[in-house]
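Data from data08.txt: compact mmCIF, C-alpha atoms and all ligand atoms
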# COMPACT_ATOMS: atom_id res chain seq x y z
CA ARG Q 1 -38.58 -24.71 46.26
CA ARG Q 2 -36.77 -24.00 42.99
CA ILE Q 3 -37.83 -23.88 39.35
CA LEU Q 4 -35.63 -24.02 36.25
CA LEU Q 5 -37.40 -22.52 33.25
CA CYS Q 6 -36.19 -24.11 30.01
CA VAL Q 7 -39.23 -24.06 27.75
CA GLY Q 8 -37.52 -22.39 24.78
CA ILE Q 9 -39.10 -19.66 22.68
CA VAL Q 10 -41.77 -19.58 19.99
CA ASP Q 11 -40.95 -18.88 16.34
CA GLU Q 12 -43.94 -17.01 14.91
CA LEU Q 13 -44.12 -18.40 11.40
CA PRO Q 14 -45.83 -16.07 8.93
CA ASP Q 15 -48.95 -17.22 7.16
CA LEU Q 16 -47.24 -17.53 3.74
CA PRO Q 17 -48.10 -20.67 1.73
CA GLY Q 18 -45.34 -23.28 2.07
CA TYR Q 19 -43.59 -21.52 4.99
CA ARG Q 20 -44.70 -23.87 7.77
CA GLN Q 21 -44.39 -26.97 5.57
CA LEU Q 22 -40.79 -26.15 4.62
CA TRP Q 23 -39.63 -24.70 7.97
CA GLY Q 24 -36.64 -26.74 9.15
CA ARG Q 25 -36.58 -28.66 5.83
CA SER Q 26 -35.62 -25.97 3.29
CA LEU Q 27 -36.33 -22.79 5.27
CA TYR Q 28 -33.78 -22.10 7.99
CA GLN Q 29 -32.69 -19.24 10.20
CA CYS Q 30 -29.06 -20.16 10.94
CA PRO Q 31 -26.34 -20.69 8.31
CA TYR Q 32 -23.87 -21.86 10.95
CA CYS Q 33 -26.30 -24.71 11.79
CA HIS Q 34 -27.22 -25.74 8.24
CA GLY Q 35 -24.90 -23.95 5.82
CA TRP Q 36 -22.15 -26.51 5.39
CA GLU Q 37 -24.44 -29.36 4.29
CA LEU Q 38 -26.26 -27.01 1.88
CA ARG Q 39 -23.20 -25.16 0.56
CA ASP Q 40 -22.99 -24.09 -3.09
CA ARG Q 41 -26.71 -24.63 -3.68
CA ALA Q 42 -29.28 -22.06 -4.89
CA TRP Q 43 -29.96 -19.97 -1.77
CA GLY Q 44 -32.41 -17.18 -1.09
CA TYR Q 45 -32.73 -14.82 1.84
CA LEU Q 46 -35.96 -13.09 2.80
CA ALA Q 47 -34.79 -9.85 4.41
CA ASN Q 48 -37.14 -8.26 6.95
CA ASP Q 49 -35.75 -4.73 6.83
CA VAL Q 50 -32.86 -2.64 5.57
CA ALA Q 51 -30.68 -3.58 8.58
CA CYS Q 52 -30.99 -7.25 7.59
CA LEU Q 53 -29.26 -6.65 4.25
CA GLU Q 54 -25.83 -6.78 5.90
CA TRP Q 55 -26.55 -10.39 6.90
CA SER Q 56 -26.70 -11.41 3.23
CA LEU Q 57 -22.94 -10.81 3.00
CA LEU Q 58 -22.45 -13.49 5.65
CA LEU Q 59 -24.64 -15.96 3.72
CA ARG Q 60 -22.44 -15.49 0.64
CA ALA Q 61 -19.68 -17.35 2.49
CA TRP Q 62 -21.54 -20.63 1.85
CA THR Q 63 -22.75 -20.17 -1.73
CA PRO Q 64 -21.99 -18.07 -4.81
CA ASP Q 65 -25.68 -18.34 -5.82
CA LEU Q 66 -27.61 -16.03 -3.50
CA VAL Q 67 -30.75 -13.98 -4.15
CA VAL Q 68 -31.95 -11.49 -1.53
CA PHE Q 69 -35.71 -10.96 -1.53
CA THR Q 70 -37.02 -7.75 0.05
CA SER Q 71 -40.63 -8.54 -0.85
CA GLY Q 72 -41.08 -4.80 -1.32
CA ARG Q 73 -41.03 -4.33 2.47
CA PHE Q 74 -38.50 -1.51 2.44
CA ALA Q 75 -36.67 0.80 0.07
CA VAL Q 76 -33.15 -0.32 -0.82
CA ARG Q 77 -30.67 2.54 -0.73
CA GLY Q 78 -28.30 3.09 -3.63
CA GLU Q 79 -25.26 2.28 -1.47
CA ASP Q 80 -26.77 -1.08 -0.39
CA ARG Q 81 -27.64 -1.92 -3.97
CA GLU Q 82 -24.03 -1.22 -4.95
CA LEU Q 83 -22.68 -3.27 -2.03
CA LEU Q 84 -24.78 -6.31 -2.97
CA GLU Q 85 -23.73 -5.98 -6.58
CA ARG Q 86 -20.04 -5.82 -5.61
CA CYS Q 87 -20.52 -8.98 -3.52
CA ARG Q 88 -22.27 -10.68 -6.46
CA ILE Q 89 -25.55 -11.01 -4.58
CA ARG Q 90 -28.71 -10.68 -6.66
CA LEU Q 91 -31.61 -8.57 -5.42
CA ASP Q 92 -35.31 -9.21 -6.04
CA GLU Q 93 -37.74 -6.61 -4.69
CA ARG Q 94 -40.99 -8.14 -5.89
CA PRO Q 95 -43.55 -9.25 -3.26
CA VAL Q 96 -43.02 -12.84 -2.12
CA VAL Q 97 -46.38 -14.62 -1.91
CA GLY Q 98 -45.30 -18.17 -1.08
CA PHE Q 99 -42.85 -21.03 -1.34
CA ARG Q 100 -43.53 -23.89 -3.72
CA ALA Q 101 -42.47 -27.31 -2.50
CA GLU Q 102 -41.66 -30.43 -4.44
CA GLY Q 103 -42.01 -33.28 -1.99
CA GLU Q 104 -40.44 -32.04 1.24
CA SER Q 105 -38.05 -29.61 -0.44
CA LEU Q 106 -38.26 -26.05 -1.69
CA ALA Q 107 -38.52 -25.78 -5.47
CA ALA Q 108 -39.19 -22.06 -5.98
CA VAL Q 109 -40.02 -18.76 -4.36
CA GLN Q 110 -43.40 -17.57 -5.65
CA LEU Q 111 -43.82 -13.90 -6.49
CA ALA Q 112 -46.87 -11.71 -6.97
CA GLY Q 113 -48.11 -11.89 -10.54
CA GLY Q 114 -47.24 -15.58 -10.90
CA ALA Q 115 -43.47 -15.40 -11.48
CA GLU Q 116 -41.19 -17.86 -9.69
CA VAL Q 117 -37.51 -17.84 -8.77
CA ARG Q 118 -36.01 -21.31 -8.50
CA ARG Q 119 -34.36 -21.75 -5.08
CA GLU Q 120 -33.40 -24.83 -3.07
CA VAL Q 121 -32.75 -23.20 0.30
CA MET Q 122 -34.17 -20.10 1.98
CA PHE Q 123 -32.94 -18.23 5.02
CA VAL Q 124 -35.63 -16.38 6.95
CA ARG Q 125 -35.85 -14.52 10.27
CA PRO Q 126 -39.35 -15.07 11.71
CA PRO Q 127 -40.21 -13.01 14.79
CA GLN Q 128 -39.70 -14.80 18.10
CA ARG Q 129 -41.60 -14.47 21.34
CA GLN Q 130 -41.69 -15.98 24.80
CA THR Q 131 -44.00 -18.93 25.49
CA GLY Q 132 -47.38 -18.54 27.18
CA LEU Q 133 -45.87 -20.07 30.34
CA VAL Q 134 -43.20 -17.36 30.61
CA MET Q 135 -45.63 -14.57 29.74
CA GLY Q 136 -47.89 -15.91 32.49
CA LEU Q 137 -45.01 -15.54 34.97
CA VAL Q 138 -44.35 -12.03 33.70
CA ALA Q 139 -48.00 -11.15 34.32
CA SER Q 140 -48.48 -12.89 37.66
CA PHE Q 141 -45.02 -12.66 39.33
CA GLY Q 142 -43.54 -9.64 37.57
CA LEU Q 143 -40.80 -11.78 36.03
CA LYS Q 144 -38.52 -9.30 34.28
CA LEU Q 145 -37.67 -9.51 30.58
CA ALA Q 146 -34.30 -8.11 29.40
CA THR Q 147 -35.76 -7.70 25.90
CA PRO Q 148 -39.16 -8.84 24.60
CA ASP Q 149 -37.66 -12.19 23.60
CA ARG Q 150 -35.17 -12.68 26.46
CA VAL Q 151 -35.77 -13.30 30.17
CA HIS Q 152 -33.50 -11.25 32.45
CA VAL Q 153 -31.11 -13.46 34.45
CA ASP Q 154 -28.37 -12.77 36.97
CA ASN Q 155 -26.15 -15.79 37.62
CA HIS Q 156 -28.90 -17.85 35.91
CA GLN Q 157 -31.55 -16.68 38.37
CA THR Q 158 -34.46 -14.59 37.08
CA SER Q 159 -35.77 -11.49 38.82
CA VAL Q 160 -38.07 -13.79 40.84
CA ARG Q 161 -36.17 -15.45 43.70
CA GLY Q 162 -35.99 -19.23 43.22
CA ILE Q 163 -36.86 -19.20 39.52
CA TYR Q 164 -33.89 -19.93 37.27
CA ALA Q 165 -33.82 -19.82 33.48
CA ALA Q 166 -31.70 -21.42 30.77
CA GLY Q 167 -31.61 -21.97 27.03
CA ASP Q 168 -33.07 -19.88 24.24
CA LEU Q 169 -35.52 -18.06 26.49
CA ALA Q 170 -32.69 -16.46 28.45
CA SER Q 171 -30.12 -15.88 25.73
CA SER Q 172 -29.72 -13.75 22.62
CA ALA Q 173 -27.54 -16.48 21.07
CA HIS Q 174 -29.59 -19.52 20.12
CA GLY Q 175 -28.04 -22.94 19.61
CA ALA Q 176 -28.32 -26.47 20.97
CA LEU Q 177 -24.90 -26.47 22.65
CA ILE Q 178 -25.35 -22.97 24.06
CA ALA Q 179 -28.73 -24.01 25.49
CA ALA Q 180 -27.34 -27.25 26.94
CA GLY Q 181 -24.35 -25.42 28.43
CA SER Q 182 -26.53 -22.78 30.05
CA GLY Q 183 -28.83 -25.51 31.40
CA ASN Q 184 -25.85 -27.15 33.02
CA ALA Q 185 -24.59 -23.88 34.50
CA ALA Q 186 -28.07 -22.93 35.74
CA ALA Q 187 -28.49 -26.33 37.40
CA HIS Q 188 -25.17 -25.79 39.22
CA ALA Q 189 -26.24 -22.36 40.47
CA LEU Q 190 -29.66 -23.69 41.50
CA GLY Q 191 -28.13 -26.71 43.26
CA GLU Q 192 -25.68 -24.60 45.27
CA ASP Q 193 -28.39 -22.17 46.32
CA LEU Q 194 -30.83 -24.92 47.32
CA THR Q 195 -28.22 -26.96 49.20
CA ARG Q 196 -27.19 -23.89 51.19
CA GLU Q 197 -30.80 -23.19 52.11
CA LEU Q 198 -31.48 -26.78 53.18
CA LEU Q 199 -28.27 -26.90 55.26
CA LEU Q 200 -29.14 -23.67 57.06
CA GLU Q 201 -32.63 -25.00 57.80
CA GLY Q 202 -31.09 -28.17 59.26
CA MET Q 203 -32.76 -30.30 56.62
CA LEU Q 204 -29.53 -31.88 55.37
C1 LIG C 1 -35.59 -25.13 12.44
C2 LIG C 1 -34.51 -25.04 13.48
C3 LIG C 1 -33.30 -25.67 13.27
C4 LIG C 1 -32.28 -25.55 14.21
N1 LIG C 1 -31.09 -26.18 13.97
C5 LIG C 1 -30.10 -26.08 14.87
C6 LIG C 1 -28.85 -26.74 14.66
O1 LIG C 1 -28.65 -27.40 13.64
N2 LIG C 1 -27.89 -26.60 15.60
C7 LIG C 1 -28.09 -25.87 16.74
O2 LIG C 1 -27.18 -25.77 17.58
N3 LIG C 1 -29.26 -25.25 16.98
C8 LIG C 1 -30.27 -25.34 16.07
N4 LIG C 1 -31.46 -24.71 16.31
C9 LIG C 1 -31.62 -23.96 17.56
C10 LIG C 1 -31.86 -24.95 18.70
O3 LIG C 1 -32.91 -25.84 18.33
C11 LIG C 1 -32.25 -24.18 19.96
O4 LIG C 1 -31.28 -23.19 20.24
C12 LIG C 1 -32.34 -25.13 21.15
O5 LIG C 1 -33.21 -26.21 20.87
C13 LIG C 1 -32.86 -24.37 22.36
O6 LIG C 1 -32.99 -25.27 23.41
P1 LIG C 1 -33.98 -24.95 24.61
O7 LIG C 1 -33.86 -26.13 25.51
O8 LIG C 1 -33.76 -23.60 25.13
O9 LIG C 1 -35.44 -24.93 23.95
P2 LIG C 1 -36.22 -26.03 23.10
O10 LIG C 1 -35.30 -26.95 22.39
O11 LIG C 1 -37.21 -25.25 22.30
O12 LIG C 1 -36.95 -26.91 24.20
C14 LIG C 1 -37.99 -26.41 24.98
C15 LIG C 1 -38.96 -27.55 25.28
O13 LIG C 1 -39.91 -27.10 26.26
C16 LIG C 1 -41.19 -27.55 25.86
N5 LIG C 1 -42.21 -26.67 26.45
C17 LIG C 1 -42.62 -25.44 26.06
N6 LIG C 1 -43.57 -24.97 26.88
C18 LIG C 1 -43.77 -25.91 27.82
C19 LIG C 1 -44.63 -26.02 28.95
N7 LIG C 1 -45.48 -25.04 29.28
N8 LIG C 1 -44.57 -27.15 29.69
C20 LIG C 1 -43.71 -28.15 29.38
N9 LIG C 1 -42.87 -28.11 28.32
C21 LIG C 1 -42.90 -27.01 27.55
C22 LIG C 1 -41.16 -27.49 24.33
O14 LIG C 1 -42.15 -28.31 23.77
C23 LIG C 1 -39.75 -28.00 24.06
O15 LIG C 1 -39.72 -29.40 23.99
C24 LIG C 1 -32.49 -24.81 15.39
C25 LIG C 1 -33.73 -24.19 15.62
C26 LIG C 1 -34.73 -24.30 14.67
C27 LIG C 1 -36.06 -23.64 14.93

Please express what this file holds, its structure, as structure tokens.
Amino acid sequence: RRILLCVGIVDELPDLPGYRQLWGRSLYQCPYCHGWELRDRAWGYLANDVACLEWSLLLRAWTPDLVVFTSGRFAVRGEDRELLERCRIRLDERPVVGFRAEGESLAAVQLAGGAEVRREVMFVRPPQRQTGLVMGLVASFGLKLATPDRVHVDNHQTSVRGIYAAGDLASSAHGALIAAGSGNAAAHALGEDLTRELLLEGML
């Protein structure tokens, strides 16, 4: 009678050498999750676009040794260059071609032409998408998405009556406690709705 969707989302890891191997070991997406344990180490940040540059200022809170890699994906404006310089953040615009590991840890960022920049930690923002299960519901039941990576919910219920959603797939903020909290709240909403229905049908 009721379904609670909580299948998470999919991180689409790029096909760069070392990326998958180091994901979750030296390559992370959230400094609040991993920053404290890795503070003051040699950090890098692979920025996807010009809007992402602002985020490098946040990363500086955990380490004085930060290099932002643009991989030549976008042109850096003079004002951004100046801002990074004032915040003592180094900028490297050469194409990133891979991540070299030593054991299970990052040793260096590999650049086109064979150069390397020694780094111990990288922050990256891989694209995220809904799982095949959710996309199947979008296609077959018209389940509504609020954004391409977020299922629309109203009081934890999706646009399809009886289907609830919780966790990363229904939130723009991703985190274990946020996901657990929303799972709890969704279960409450689902339970109340189901109990009411069963009572009115004389089944309780
Ligand atoms: C590398 C990394 C590190 C992170 N570190 C932290 C951290 O330190 N602290 C923090 O708060 N958050 C962290 N996060 C974020 C956190 O993991 C997520 O926000 C949280 O796990 C989301 O919970 P969820 O239940 O929505 O989804 P998930 O934890 O992704 O769980 C969904 C589950 O559903 C399963 N599933 C998928 N499809 C199906 C299907 N069709 N049928 C059955 N099962 C299915 C999946 O296999 C998975 O087990 C990290 C994320 C990543 C990627």

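Residue nearest Q:Trp43 within the list Q:Arg77, Q:Arg100, Q:Arg86, Q:Arg118: Q:Arg118 [criterion: smallest interatomic distance, all atoms listed in the file].
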
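The residue that comes closest to ligand LIG 1 (chain C), out of Q:Gly18, Q:Gly136, Q:Gly78, Q:Gly24 and on the basis of only C-alpha atoms and all ligand atoms, is Q:Gly24.
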
(message) Counting only C-alpha atoms and all ligand atoms, what are the residues, protein, DNA or RNA alike, that approach ligand LIG 1 (chain C) to within 10 Å? I want them as a VMD selection string.
(response) chain Q and resid 5 to 11 22 to 35 126 130 to 134 136 165 to 183

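Distance annotation: of Q:Asp193, Q:Glu54, Q:Asp154, Q:Asp65, the residue with the minimal separation from Q:Arg81 is Q:Glu54; atom set is only C-alpha atoms.
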
(message) Which residues are close to Q:Leu204, i.e. within 12 Å by only C-alpha atoms, leaving aside same-chain residues fewer than 6 positions away? Reply as a list in words.
(response) Leu194, Thr195, Arg196, Glu197 and Leu198 of chain Q

(request) Could you pull out every residue with an atom within 12 Å of (-18.4, -25.0, 3.9), file coordinates, counting only C-alpha atoms, and send them as a PyMOL selection string? (result) chain Q and resi 31-41+59-64

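Candidate residues Q:Leu111, Q:Leu4, Q:Ala51, Q:Cys87 were compared for distance to Q:Gly72, and the nearest is Q:Leu111, using all atoms listed in the file.
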
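In this structure, atom CA of Q:Arg2 sits 11.4 Å away from atom CA of Q:Ala186.
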
(message) To one decimal place in Å, what is the distance between atom CA of Q:Pro14 and atom CA of Q:Ile89?
(response) 24.9 Å

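Rounded to one decimal, atom CA of Q:Arg125 and atom CA of Q:Gly142 lie 28.8 Å from each other.
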
(message) Which residues are close to Q:Val109, i.e. within 12 Å by only C-alpha atoms, leaving aside same-chain residues fewer than 3 positions away? Reply as a ChimeraX atom specification.
(response) /Q:16-19,22,26-27,42-46,67-69,71,92,94-102,105-106,112,114-123

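With distances taken over all atoms listed in the file, Q:Val160 is the one residue among Q:Val160, Q:Leu58, Q:Ala189, Q:Ala47 lying closest to Q:Leu143.
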
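Candidate residues Q:Ala146, Q:Gly202, Q:Glu85, Q:Val153 were compared for distance to Q:Leu66, and the nearest is Q:Glu85, using only C-alpha atoms.
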
Please supply stretch 96-107 of chain Q, rebuilt with all heavy atoms, as a CSV table (one decimal), keeping the file's coordinate frame.
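Okay, this is what ended up in rebuild-v9.csv:
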chain,number,residue,atom,x,y,z
Q,96,VAL,N,-43.0,-11.4,-2.2
Q,96,VAL,CA,-43.0,-12.8,-2.1
Q,96,VAL,C,-44.4,-13.3,-1.6
Q,96,VAL,O,-44.9,-12.8,-0.6
Q,96,VAL,CB,-41.9,-13.3,-1.1
Q,96,VAL,CG1,-42.0,-14.8,-0.9
Q,96,VAL,CG2,-40.5,-12.9,-1.7
Q,97,VAL,N,-45.0,-14.2,-2.3
Q,97,VAL,CA,-46.4,-14.6,-1.9
Q,97,VAL,C,-46.4,-16.1,-1.4
Q,97,VAL,O,-47.4,-16.5,-0.9
Q,97,VAL,CB,-47.4,-14.4,-3.0
Q,97,VAL,CG1,-47.6,-12.9,-3.4
Q,97,VAL,CG2,-47.1,-15.2,-4.3
Q,98,GLY,N,-45.3,-16.8,-1.6
Q,98,GLY,CA,-45.3,-18.2,-1.1
Q,98,GLY,C,-44.0,-18.9,-1.5
Q,98,GLY,O,-43.2,-18.4,-2.2
Q,99,PHE,N,-44.0,-20.2,-1.0
Q,99,PHE,CA,-42.8,-21.0,-1.3
Q,99,PHE,C,-43.4,-22.3,-1.9
Q,99,PHE,O,-44.2,-23.0,-1.3
Q,99,PHE,CB,-42.0,-21.3,-0.1
Q,99,PHE,CG,-41.5,-20.1,0.5
Q,99,PHE,CD1,-42.1,-19.5,1.6
Q,99,PHE,CD2,-40.4,-19.4,0.0
Q,99,PHE,CE1,-41.6,-18.3,2.2
Q,99,PHE,CE2,-39.9,-18.3,0.5
Q,99,PHE,CZ,-40.5,-17.7,1.6
Q,100,ARG,N,-43.0,-22.7,-3.1
Q,100,ARG,CA,-43.5,-23.9,-3.7
Q,100,ARG,C,-42.6,-25.1,-3.4
Q,100,ARG,O,-41.4,-25.0,-3.6
Q,100,ARG,CB,-43.7,-23.7,-5.2
Q,100,ARG,CG,-44.3,-25.0,-5.9
Q,100,ARG,CD,-44.7,-24.7,-7.4
Q,100,ARG,NE,-43.6,-24.3,-8.2
Q,100,ARG,CZ,-42.7,-25.2,-8.7
Q,100,ARG,NH1,-42.8,-26.5,-8.3
Q,100,ARG,NH2,-41.7,-24.8,-9.5
Q,101,ALA,N,-43.2,-26.1,-2.9
Q,101,ALA,CA,-42.5,-27.3,-2.5
Q,101,ALA,C,-42.6,-28.4,-3.6
Q,101,ALA,O,-43.6,-28.5,-4.3
Q,101,ALA,CB,-43.0,-27.8,-1.2
Q,102,GLU,N,-41.6,-29.2,-3.7
Q,102,GLU,CA,-41.7,-30.4,-4.4
Q,102,GLU,C,-41.3,-31.5,-3.4
Q,102,GLU,O,-40.1,-31.5,-3.0
Q,102,GLU,CB,-40.7,-30.4,-5.6
Q,102,GLU,CG,-41.3,-29.8,-6.9
Q,102,GLU,CD,-40.3,-29.6,-8.0
Q,102,GLU,OE1,-39.2,-30.2,-8.0
Q,102,GLU,OE2,-40.6,-28.9,-8.9
Q,103,GLY,N,-42.2,-32.3,-3.1
Q,103,GLY,CA,-42.0,-33.3,-2.0
Q,103,GLY,C,-41.8,-32.5,-0.7
Q,103,GLY,O,-42.6,-31.6,-0.4
Q,104,GLU,N,-40.7,-32.7,0.0
Q,104,GLU,CA,-40.4,-32.0,1.2
Q,104,GLU,C,-39.4,-30.9,1.1
Q,104,GLU,O,-39.0,-30.3,2.0
Q,104,GLU,CB,-39.9,-33.0,2.3
Q,104,GLU,CG,-40.9,-34.1,2.7
Q,104,GLU,CD,-40.7,-34.6,4.1
Q,104,GLU,OE1,-39.6,-34.7,4.5
Q,104,GLU,OE2,-41.8,-34.8,4.7
Q,105,SER,N,-39.1,-30.6,-0.2
Q,105,SER,CA,-38.0,-29.6,-0.4
Q,105,SER,C,-38.6,-28.4,-1.2
Q,105,SER,O,-39.5,-28.5,-1.9
Q,105,SER,CB,-36.9,-30.2,-1.3
Q,105,SER,OG,-36.4,-31.4,-0.6
Q,106,LEU,N,-37.9,-27.3,-1.0
Q,106,LEU,CA,-38.3,-26.0,-1.7
Q,106,LEU,C,-37.9,-26.2,-3.2
Q,106,LEU,O,-36.8,-26.6,-3.5
Q,106,LEU,CB,-37.5,-24.9,-1.1
Q,106,LEU,CG,-37.7,-23.5,-1.7
Q,106,LEU,CD1,-39.1,-23.0,-1.6
Q,106,LEU,CD2,-36.7,-22.5,-1.2
Q,107,ALA,N,-38.8,-25.8,-4.0
Q,107,ALA,CA,-38.5,-25.8,-5.5
Q,107,ALA,C,-38.4,-24.3,-6.0
Q,107,ALA,O,-37.5,-24.1,-6.8
Q,107,ALA,CB,-39.6,-26.5,-6.2
